[in-house]
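Peer 1: Below is the file input-v9.txt, with compact mmCIF, C-alpha atoms and all ligand atoms.
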# COMPACT_ATOMS: atom_id res chain seq x y z
CA MET F 1 11.54 8.08 -8.30
CA GLU F 2 14.37 6.13 -10.01
CA TYR F 3 16.74 7.46 -7.41
CA ASP F 4 14.27 6.34 -4.75
CA LEU F 5 14.45 2.75 -5.93
CA GLU F 6 18.24 2.65 -5.87
CA SER F 7 18.37 4.22 -2.44
CA ALA F 8 15.62 1.79 -1.36
CA PHE F 9 17.99 -1.09 -2.23
CA LYS F 10 20.24 0.18 0.57
CA GLN F 11 17.47 0.34 3.19
CA PRO F 12 16.41 -2.59 5.35
CA GLY F 13 13.37 -4.47 4.04
CA CYS F 14 11.67 -4.79 0.63
CA PRO F 15 12.69 -1.93 -1.73
CA ILE F 16 9.13 -1.46 -3.03
CA CYS F 17 7.73 -1.41 0.54
CA THR F 18 10.33 1.31 1.27
CA MET F 19 9.26 3.30 -1.81
CA ILE F 20 5.63 3.06 -0.73
CA LYS F 21 6.48 4.21 2.77
CA LYS F 22 8.33 7.24 1.34
CA SER F 23 5.44 8.09 -0.99
CA MET F 24 3.03 7.89 1.93
CA ASP F 25 5.19 10.17 4.06
CA SER F 26 5.26 12.72 1.20
CA TYR F 27 1.50 12.41 0.78
CA PHE F 28 0.86 13.02 4.47
CA ARG F 29 3.13 16.08 4.43
CA TRP F 30 1.37 17.38 1.30
CA PHE F 31 -2.04 16.63 2.77
CA GLU F 32 -1.21 18.53 5.94
CA ASN F 33 -0.26 21.64 3.96
CA GLU F 34 -2.80 21.54 1.14
CA SER F 35 -5.92 19.69 2.18
CA ASP F 36 -7.79 22.80 3.29
CA HIS F 37 -7.28 24.54 -0.01
CA LEU F 38 -7.73 22.05 -2.80
CA LEU F 39 -11.36 21.84 -3.85
CA GLU F 40 -10.66 18.89 -6.17
CA LEU F 41 -9.20 16.87 -3.28
CA LEU F 42 -12.11 17.74 -1.00
CA ILE F 43 -14.66 16.69 -3.63
CA SER F 44 -12.78 13.44 -4.19
CA LEU F 45 -12.65 12.74 -0.44
CA SER F 46 -16.34 13.44 -0.06
CA ARG F 47 -17.04 10.77 -2.71
CA GLY F 48 -15.15 8.11 -0.80
CA GLY F 49 -12.68 9.32 1.75
CA PHE F 50 -9.99 7.47 3.60
CA CYS F 51 -10.46 3.83 4.51
CA ARG F 52 -10.66 2.92 8.20
CA ASP F 53 -6.91 2.35 8.69
CA HIS F 54 -5.75 5.34 6.69
CA ALA F 55 -8.21 7.76 8.33
CA GLN F 56 -6.51 6.91 11.63
CA GLN F 57 -3.05 7.15 10.08
CA VAL F 58 -3.75 10.53 8.49
CA ALA F 59 -5.14 11.83 11.79
CA ALA F 60 -2.02 10.63 13.61
CA SER F 61 0.33 12.12 10.98
CA VAL F 62 -1.01 15.64 10.61
CA LYS F 63 -0.22 18.16 13.27
CA SER F 64 -3.18 20.47 12.70
CA ASP F 65 -6.87 19.72 13.08
CA LEU F 66 -8.92 18.54 10.10
CA ASN F 67 -12.08 20.51 10.79
CA TYR F 68 -12.21 22.20 7.41
CA THR F 69 -11.64 18.93 5.55
CA TYR F 70 -14.20 16.92 7.48
CA ALA F 71 -16.76 19.75 7.52
CA PHE F 72 -16.65 19.76 3.70
CA ILE F 73 -17.04 15.96 3.51
CA ILE F 74 -19.88 15.84 6.05
CA ARG F 75 -21.80 18.68 4.38
CA THR F 76 -21.39 17.22 0.88
CA ARG F 77 -22.58 13.81 2.05
CA GLN F 78 -25.49 15.39 3.90
CA LYS F 79 -26.52 17.24 0.73
CA GLU F 80 -26.34 14.09 -1.41
CA ILE F 81 -28.39 11.97 1.01
CA LYS F 82 -31.02 14.70 1.35
CA GLN F 83 -31.24 14.98 -2.41
CA PHE F 84 -31.59 11.21 -2.73
CA LEU F 85 -34.39 11.13 -0.15
CA GLN F 86 -36.24 13.98 -1.86
CA GLU F 87 -35.95 12.34 -5.28
CA THR F 88 -37.08 8.89 -4.10
CA ALA F 89 -39.96 10.45 -2.15
CA LEU F 90 -41.11 12.07 -5.36
CA ILE F 91 -40.92 8.72 -7.15
CA GLN F 92 -42.89 6.97 -4.40
CA LYS F 93 -45.61 9.62 -4.52
CA LYS F 94 -45.63 9.18 -8.30
CA ILE F 95 -45.27 12.90 -8.71
CA PHE F 96 -43.22 12.08 -11.75
CA PRO F 97 -43.52 8.75 -13.54
CA TYR F 98 -41.21 5.90 -12.65
CA ARG F 99 -38.57 5.42 -15.27
CA GLU F 100 -35.51 3.26 -15.25
CA LYS F 101 -33.28 6.23 -14.80
CA ASN F 102 -35.16 7.02 -11.59
CA ASP F 103 -34.70 3.51 -10.19
CA PRO F 104 -34.06 4.11 -6.44
CA HIS F 105 -31.46 1.35 -6.34
CA ARG F 106 -29.60 2.92 -9.16
CA GLU F 107 -29.74 6.26 -7.39
CA LEU F 108 -28.70 4.59 -4.15
CA ASN F 109 -25.57 3.32 -5.87
CA ARG F 110 -24.76 6.90 -6.78
CA ILE F 111 -24.46 7.87 -3.11
CA ILE F 112 -22.95 4.58 -1.92
CA SER F 113 -20.38 3.93 -4.66
CA SER F 114 -17.23 5.64 -3.64
CA GLU F 115 -13.88 6.63 -5.00
CA PRO F 116 -11.00 4.56 -3.61
CA CYS F 117 -9.16 5.69 -0.50
CA PRO F 118 -6.40 8.01 -1.81
CA VAL F 119 -3.76 6.34 0.38
CA CYS F 120 -4.76 2.80 -0.72
CA ASP F 121 -4.68 4.15 -4.27
CA LEU F 122 -1.18 5.58 -3.72
CA ILE F 123 0.04 2.24 -2.30
CA GLN F 124 -1.32 0.37 -5.29
CA LYS F 125 0.06 2.82 -7.87
CA THR F 126 3.51 3.07 -6.25
CA GLY F 127 3.67 -0.74 -6.06
CA THR F 128 2.79 -1.06 -9.75
CA TYR F 129 5.31 1.63 -10.65
CA GLY F 130 8.01 -0.02 -8.51
CA SER F 131 7.46 -3.42 -10.16
CA ALA F 132 7.64 -1.89 -13.64
CA MET F 133 10.80 0.02 -12.68
CA ILE F 134 12.49 -3.08 -11.29
CA ALA F 135 11.57 -5.17 -14.33
CA ARG F 136 13.15 -2.50 -16.55
CA LYS F 137 16.21 -1.84 -14.41
CA PHE F 138 17.08 -5.53 -14.16
CA GLU F 139 17.84 -5.57 -17.86
CA ASP F 140 21.19 -4.18 -16.68
CA PRO F 141 23.17 -6.90 -14.81
CA ILE F 142 24.77 -4.25 -12.57
CA ASN F 143 21.38 -3.49 -11.07
CA ARG F 144 20.77 -7.20 -10.48
CA GLU F 145 24.00 -7.33 -8.50
CA LEU F 146 22.89 -4.27 -6.50
CA TYR F 147 19.61 -6.03 -5.83
CA ARG F 148 21.37 -9.13 -4.51
CA GLU F 149 22.90 -6.93 -1.82
CA SER F 150 19.47 -5.55 -0.84
CA ALA F 151 16.98 -7.19 1.53
CA GLY F 152 15.00 -8.37 -1.53
CA LEU F 153 11.38 -7.91 -2.53
CA CYS F 154 8.67 -9.18 -0.19
CA TRP F 155 6.62 -11.99 -1.69
CA GLU F 156 3.69 -9.75 -2.69
CA HIS F 157 5.92 -7.34 -4.60
CA CYS F 158 8.05 -10.15 -6.00
CA ALA F 159 4.91 -11.90 -7.30
CA ASN F 160 3.56 -8.66 -8.82
CA THR F 161 6.90 -8.08 -10.56
CA LEU F 162 7.02 -11.66 -11.83
CA LEU F 163 3.67 -11.12 -13.52
CA ILE F 164 4.98 -8.27 -15.67
CA ALA F 165 8.70 -9.09 -16.05
CA PRO F 166 10.21 -10.66 -19.18
CA PRO F 167 11.02 -14.40 -18.68
CA GLU F 168 14.76 -13.87 -18.16
CA ILE F 169 14.16 -11.33 -15.40
CA GLY F 170 11.38 -13.43 -13.87
CA LEU F 171 13.81 -16.36 -13.69
CA PHE F 172 16.44 -14.19 -12.02
CA LEU F 173 13.90 -12.97 -9.45
CA LEU F 174 12.67 -16.46 -8.61
CA GLU F 175 16.19 -17.89 -8.29
CA ASP F 176 17.17 -14.96 -6.12
CA HIS F 177 14.06 -15.44 -3.95
CA LEU F 178 14.81 -19.14 -3.62
CA GLN F 179 18.34 -18.30 -2.45
CA ARG F 180 16.91 -15.96 0.20
CA LEU F 181 14.60 -18.74 1.42
CA GLU F 182 17.59 -21.06 1.64
CA ASP F 183 19.59 -18.45 3.59
CA LEU F 184 16.73 -18.19 6.06
CA ASN F 185 16.44 -21.95 6.25
CA ARG F 186 20.11 -22.11 7.17
CA GLU F 187 19.47 -19.63 9.98
CA PHE F 188 16.53 -21.72 11.23
CA ARG F 189 18.68 -24.87 11.19
CA GLU F 190 21.25 -23.02 13.30
CA PHE F 191 18.52 -21.81 15.66
CA PHE F 192 17.20 -25.35 16.20
CA ARG F 193 20.72 -26.73 16.58
CA LYS F 194 21.31 -24.31 19.46
CA GLN F 195 18.05 -25.44 21.06
CA ASP F 196 19.71 -28.84 21.56
CA TYR F 197 21.08 -29.21 25.11
CA ARG F 198 24.47 -30.28 23.70
CA PHE F 199 24.94 -26.89 22.01
CA ASP F 200 22.77 -24.51 24.02
CA HIS F 201 25.85 -23.10 25.81
CA GLU F 202 27.03 -21.58 22.49
CA PRO F 203 26.60 -17.80 22.17
CA LYS F 204 23.31 -16.82 20.56
CA GLY F 205 23.53 -14.92 17.29
CA LYS F 206 21.62 -13.55 14.33
CA GLU F 207 19.71 -16.84 13.98
CA GLN F 208 17.59 -15.92 17.03
CA THR F 209 15.77 -13.27 14.97
CA ALA F 210 15.49 -15.29 11.74
CA TRP F 211 11.70 -15.26 12.06
CA VAL F 212 11.63 -11.43 11.80
CA ARG F 213 13.46 -11.55 8.45
CA ALA F 214 11.25 -14.44 7.33
CA MET F 215 8.13 -12.44 8.19
CA GLU F 216 9.41 -9.40 6.30
CA LEU F 217 10.26 -11.50 3.26
CA LEU F 218 6.80 -13.09 3.28
CA ASN F 219 4.68 -10.10 4.33
CA GLY F 220 6.79 -7.02 3.59
CA ARG F 221 7.32 -4.13 5.94
CA PRO F 222 4.43 -2.20 7.47
CA TYR F 223 4.05 1.14 5.70
CA SER F 224 3.68 2.92 9.02
CA PHE F 225 6.97 1.84 10.63
ZN ZN U 301 7.25 -5.22 -0.45
ZN ZN U 302 -6.75 3.23 2.60
Turn this file's structure into structure tokens for me.
Ligand SMILES: [Zn+2]
Ligand SMILES: [Zn+2]

Peer 2:
Amino acid sequence: MEYDLESAFKQPGCPICTMIKKSMDSYFRWFENESDHLLELLISLSRGGFCRDHAQQVAASVKSDLNYTYAFIIRTRQKEIKQFLQETALIQKKIFPYREKNDPHRELNRIISSEPCPVCDLIQKTGTYGSAMIARKFEDPINRELYRESAGLCWEHCANTLLIAPPEIGLFLLEDHLQRLEDLNREFREFFRKQDYRFDHEPKGKEQTAWVRAMELLNGRPYSF
């Protein structure tokens, strides 16, 4: 993973976004090969499953069908709901006395509460790991110089790193981020200058796509690019 971060510095876009994208690609490959066989994974999925976006992404990433996986989830959920209905029917008929532990709402929570989406969980954990790794690596000034050459952290990952970094490293990150904002501002000034009829004959350059770099710095890169 340490190697991943250094190689991520050389990729376009936020290094932590790049790490997350790589982790997701590995997860999808692993899921494609293992999902039919790992009981623990199937049980975990049947207690929550993928969120809306990641269900679609998993379906688009795997080459085989997911009949075994979804059959397990559907059957487990069916069993739990049936069991809930049987238990609450017994309570309503007062076949066994109402006690707090048989509170239907409490039981309902048991079937509704779910484990987090494993891909959302992976994104969160890789992000946390990446921030901790950066905070530690920046103790070495060489790594800070390497970072300056990178596309820089997106604001979300920069903010998360600021929250855990020692003050000296936090200061470095903020000053670096400020410099990146200024670089973009310079590009925007150039863009607007060339909008002026006196200069609009000048060849168009990098400044025309400044907004793309601004968006990536503010919002990061999509993990599905
Ligand atoms: Zn990012
Ligand atoms: Zn998700």

Peer 1: Using all atoms listed in the file, what are the residues with an atom within 7 Å of ligand ZN 302 (chain U), set out as a PyMOL selection string?

Peer 2: chain F and resi 50-54+117-120

Peer 1: Quick one: of F:Arg189, F:Lys125, F:Lys21, F:Lys206, who's nearest to ligand ZN 301 (chain U), counting all atoms listed in the file?

Peer 2: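 Comparing F:Arg189, F:Lys125, F:Lys21, F:Lys206 against ligand ZN 301 (chain U), the winner is F:Lys21.
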
Peer 1: Hey, which bits of chain F sit within 6 Å of ligand ZN 301 (chain U), and for each residue what's the closest pair of atoms and how far apart in Å (one decimal), counting only C-alpha atoms and all ligand atoms, rows by chain and increasing number, as a tab-separated table?

Peer 2:
residue	atom	partner	partner_atom	distance
F:Cys14	CA	U:ZN301	ZN	4.6
F:Ile16	CA	U:ZN301	ZN	4.9
F:Cys17	CA	U:ZN301	ZN	4.0
F:Leu153	CA	U:ZN301	ZN	5.3
F:Cys154	CA	U:ZN301	ZN	4.2
F:His157	CA	U:ZN301	ZN	4.8
F:Gly220	CA	U:ZN301	ZN	4.4

Peer 1: Just want the 8 Å neighbourhood of stretch 213-218 of chain F, counted on all atoms listed in the file, with same-chain residues fewer than 3 positions away dropped. Output as a PyMOL selection string.

Peer 2: chain F and resi 13-14+152-156+184+209-210+221

Peer 1: Residues within 10 Å of stretch 38-44 of chain F, please, as a list in words. Count all atoms listed in the file; anything in the same chain fewer than 6 positions from it doesn't count.

Peer 2: Phe31, Tyr68, Thr69, Tyr70, Ala71, Phe72, Ile73, Thr76, Ser114, Glu115, Pro116, Cys117 and Pro118 of chain F

Peer 1: For F:Ser64, list every protein, DNA or RNA residue within 10 Å, evaluated using all atoms listed in the file, and leave out those in the same chain fewer than 5 positions away; present the list as a ChimeraX atom specification.

Peer 2: /F:32-33,59

Peer 1: Export C-alpha atoms of the chosen residues as a short mmCIF file (atom, residue, chain, number, x, y, z; two decimals), in the frame of the given file?

Peer 2:
data_model
loop_
_atom_site.label_atom_id
_atom_site.label_comp_id
_atom_site.auth_asym_id
_atom_site.auth_seq_id
_atom_site.Cartn_x
_atom_site.Cartn_y
_atom_site.Cartn_z
CA GLU F 32 -1.21 18.53 5.94
CA ASN F 33 -0.26 21.64 3.96
CA ALA F 59 -5.14 11.83 11.79
#

Peer 1: Using only C-alpha atoms, which protein or nucleic acid residues come within 12 Å of stretch 191-194 of chain F? Drop anything in the same chain fewer than 2 positions from it, and give the result as a PyMOL selection string.

Peer 2: chain F and resi 184-189+196-211

Peer 1: What is the distance between atom CA of F:His105 and atom CA of F:Glu87, in Å to one decimal?

Peer 2: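 Atom-to-atom, atom CA of F:His105 and atom CA of F:Glu87 are spaced 11.9 Å apart.
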
Peer 1: Tell me, in Å to one decimal, how far atom CA of F:Asp140 is from atom CA of F:Tyr223.

Peer 2: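 Computing it gives 28.7 Å between the two atoms.
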
Peer 1: Would you mind reading off the distance between atom CA of F:Leu5 and atom CA of F:Ala165, one decimal, in Å?

Peer 2: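 Result for atom CA of F:Leu5 versus atom CA of F:Ala165: 16.6 Å, one decimal.
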